[in-house]
Amino acid sequence: MFRLIGNVSKKVYYESENASDLNKWRLDNFTEDHHRKGGAVTSYEAPEAMVIVKNKPIKSQKEYLNNLLDEGKFEEYRRIAMGNSKRDIEVYGSGKDEPELINRRKKIEKLFRQGVTDTAEIASEVRVSRSTVNYDLRELRKTYPELRQKGARS
């Protein structure tokens with residue numbers, strides 16, 4: 001949705017779905033043909049200076065984040081959802097600064113993204129129990145929503 005708005009008065013002169021329709025309306029209403037000796041002269045006489053503005057629907061942050069997930073923009077989703085927190089601790093450590101836990105979850109995520117969806121196989125690679133792998137995958141899915149689409153087989 002586009003609007004033609006007066007610069008000073010902020011009056012909305014016209015609304016349209018496309019900017020081209022709005023521009024056609026503006027030209028139809030504010031141009032005048034004056035016939036002078038030797039030809040026609042066209043002048044543009046508007047009541048004030050005008051601006052074409054695109055209306056953006058206002059969405060809540062939750063709706064915006066859900067749209068990012070639907071479009072597959074996971075990096076932008078994480079950047080907005082996590083804010084300025086330390087990435088490794090928030091994503092992998094669930095608020096704990098434990099290097100073993102963070103490294104283990106990084107390995108599990110790497111294997112899962114490579115297509116290894118069998119939790120027993122992941123557990124043997126990382127050398128932890130299957131319940132630990134299941135728990136870590138559950139925690140990772142909170143910050144990596146794209147992992148929800150792949151199902152881990154138990």
# chains A, B, ... in the order shown; residues from 1 in each chain; ligands from 1
>>> closest_atom_pairs(of="stretch 97-147 of chain A", to="stretch 74-80 of chain A", cutoff="9 Å", atoms="only C-alpha atoms", output="Markdown table")
| residue | atom | partner | partner_atom | distance |
| --- | --- | --- | --- | --- |
| A:Thr143 | CA | A:Arg78 | CA | 6.9 |
| A:Tyr144 | CA | A:Phe74 | CA | 7.5 |
| A:Pro145 | CA | A:Phe74 | CA | 7.5 |
| A:Glu146 | CA | A:Phe74 | CA | 7.2 |
>>> residues_around(residues="A:Val53", least_positions_apart="3", cutoff="8 Å", atoms="only C-alpha atoms", output="VMD selection string")
chain A and resid 2 to 5
>>> write_last_selection(atoms="all heavy atoms", output="short mmCIF file (atom, residue, chain, number, x, y, z; two decimals), in the first residue's frame")
data_model
loop_
_atom_site.label_atom_id
_atom_site.label_comp_id
_atom_site.auth_asym_id
_atom_site.auth_seq_id
_atom_site.Cartn_x
_atom_site.Cartn_y
_atom_site.Cartn_z
N PHE A 2 0.64 2.16 -0.90
CA PHE A 2 1.39 3.41 -1.02
C PHE A 2 0.45 4.59 -0.77
O PHE A 2 -0.74 4.52 -1.06
CB PHE A 2 1.99 3.54 -2.42
CG PHE A 2 3.08 2.55 -2.69
CD1 PHE A 2 2.79 1.32 -3.24
CD2 PHE A 2 4.40 2.86 -2.41
CE1 PHE A 2 3.79 0.40 -3.49
CE2 PHE A 2 5.40 1.95 -2.66
CZ PHE A 2 5.10 0.72 -3.20
N ARG A 3 1.02 5.66 -0.23
CA ARG A 3 0.25 6.88 0.03
C ARG A 3 0.96 8.08 -0.55
O ARG A 3 2.19 8.15 -0.53
CB ARG A 3 0.09 7.10 1.54
CG ARG A 3 -0.83 6.16 2.22
CD ARG A 3 -0.94 6.53 3.67
NE ARG A 3 -1.91 5.67 4.33
CZ ARG A 3 -2.17 5.70 5.61
NH1 ARG A 3 -1.53 6.55 6.38
NH2 ARG A 3 -3.06 4.89 6.12
N LEU A 4 0.18 9.03 -1.02
CA LEU A 4 0.70 10.32 -1.47
C LEU A 4 0.39 11.31 -0.36
O LEU A 4 -0.78 11.60 -0.09
CB LEU A 4 0.04 10.73 -2.78
CG LEU A 4 0.56 12.01 -3.42
CD1 LEU A 4 2.01 11.83 -3.86
CD2 LEU A 4 -0.28 12.39 -4.62
N ILE A 5 1.43 11.79 0.32
CA ILE A 5 1.26 12.62 1.52
C ILE A 5 1.88 13.99 1.29
O ILE A 5 2.96 14.10 0.71
CB ILE A 5 1.94 11.95 2.74
CG1 ILE A 5 1.30 10.59 3.00
CG2 ILE A 5 1.86 12.82 3.97
CD1 ILE A 5 1.95 9.82 4.12
#
>>> select_by_dssp(residues="stretch 1-153 of chain A", states="strand (DSSP E or B)", output="number ranges by chain")
A: 2-6, 12-16, 31-36, 39-44, 50-54, 118, 153
>>> select_by_dssp(residues="stretch 8-124 of chain A", states="alpha helix (DSSP H)", output="PyMOL selection string")
chain A and resi 19-30+61-71+74-82+87-92+99-113+119-124
>>> residues_around(residues="A:Lys110", least_positions_apart="6", cutoff="12 Å", atoms="only C-alpha atoms", output="ChimeraX atom specification")
/A:103-104,116-117,122,125-126,137,140,147
>>> write_last_selection(atoms="C-alpha atoms", output="PDB file, in the first residue's frame")
ATOM      1  CA  ASN A 103      31.922 -28.596  22.810  1.00  0.00           C
ATOM      2  CA  ARG A 104      29.722 -31.692  23.139  1.00  0.00           C
ATOM      3  CA  VAL A 116      23.171 -38.393  11.012  1.00  0.00           C
ATOM      4  CA  THR A 117      19.725 -38.589  12.611  1.00  0.00           C
ATOM      5  CA  ILE A 122      25.518 -39.787  17.383  1.00  0.00           C
ATOM      6  CA  GLU A 125      30.532 -40.778  17.876  1.00  0.00           C
ATOM      7  CA  VAL A 126      30.429 -38.285  20.749  1.00  0.00           C
ATOM      8  CA  LEU A 137      19.045 -32.071  20.733  1.00  0.00           C
ATOM      9  CA  LEU A 140      19.527 -27.130  20.580  1.00  0.00           C
ATOM     10  CA  LEU A 147      16.571 -28.662  13.521  1.00  0.00           C
TER      11      LEU A 147
END
>>> residues_around(residues="A:Val128", least_positions_apart="6", cutoff="12 Å", atoms="only C-alpha atoms", output="NGL selection string")
:A and (100-101 or 104-105 or 107-108 or 119-122 or 134-136)
>>> atom_distance(atom1="atom CA of A:Leu68", atom2="atom CA of A:Lys54")
21.0 Å
>>> residues_around(residues="stretch 18-34 of chain A", least_positions_apart="5", cutoff="9 Å", atoms="only C-alpha atoms", output="tab-separated table (two decimals) with N, CA and C atoms, in the first residue's frame")
chain	number	residue	atom	x	y	z
A	1	MET	N	0.85	-1.17	0.00
A	1	MET	CA	0.00	0.00	0.00
A	1	MET	C	0.90	1.24	0.00
A	2	PHE	N	0.64	2.16	-0.90
A	2	PHE	CA	1.39	3.41	-1.02
A	2	PHE	C	0.45	4.59	-0.77
A	3	ARG	N	1.02	5.66	-0.23
A	3	ARG	CA	0.25	6.88	0.03
A	3	ARG	C	0.96	8.08	-0.55
A	4	LEU	N	0.18	9.03	-1.02
A	4	LEU	CA	0.70	10.32	-1.47
A	4	LEU	C	0.39	11.31	-0.36
A	13	TYR	N	-3.33	12.51	0.36
A	13	TYR	CA	-4.07	12.88	-0.84
A	13	TYR	C	-4.65	11.67	-1.56
A	39	GLY	N	2.40	26.53	-29.61
A	39	GLY	CA	2.35	25.18	-29.07
A	39	GLY	C	1.71	25.12	-27.70
A	40	ALA	N	1.73	23.92	-27.16
A	40	ALA	CA	1.11	23.69	-25.84
A	40	ALA	C	2.21	23.57	-24.79
A	41	VAL	N	1.93	24.13	-23.64
A	41	VAL	CA	2.86	24.05	-22.50
A	41	VAL	C	2.14	23.35	-21.36
A	42	THR	N	2.79	22.34	-20.77
A	42	THR	CA	2.19	21.62	-19.65
A	42	THR	C	2.88	22.06	-18.36
A	43	SER	N	2.09	22.35	-17.34
A	43	SER	CA	2.66	22.74	-16.05
A	43	SER	C	2.09	21.84	-14.96
A	44	TYR	N	2.90	21.65	-13.93
A	44	TYR	CA	2.50	20.82	-12.79
A	44	TYR	C	2.24	21.77	-11.64
A	45	GLU	N	0.99	21.81	-11.16
A	45	GLU	CA	0.63	22.74	-10.09
A	45	GLU	C	-0.08	21.98	-8.98
A	46	ALA	N	0.67	21.58	-7.99
A	46	ALA	CA	0.12	20.88	-6.84
A	46	ALA	C	-0.05	21.87	-5.69
A	47	PRO	N	-0.95	21.59	-4.77
A	47	PRO	CA	-1.16	22.51	-3.64
A	47	PRO	C	0.06	22.62	-2.72
A	52	ILE	N	5.73	10.23	-1.86
A	52	ILE	CA	5.11	8.92	-1.94
A	52	ILE	C	5.73	8.05	-0.85
A	53	VAL	N	4.89	7.50	0.02
A	53	VAL	CA	5.37	6.73	1.17
A	53	VAL	C	4.77	5.33	1.11
A	54	LYS	N	5.61	4.33	1.39
A	54	LYS	CA	5.13	2.95	1.43
A	54	LYS	C	4.72	2.62	2.86
>>> atom_distance(atom1="atom CA of A:Lys106", atom2="atom CA of A:Ala81")
19.5 Å
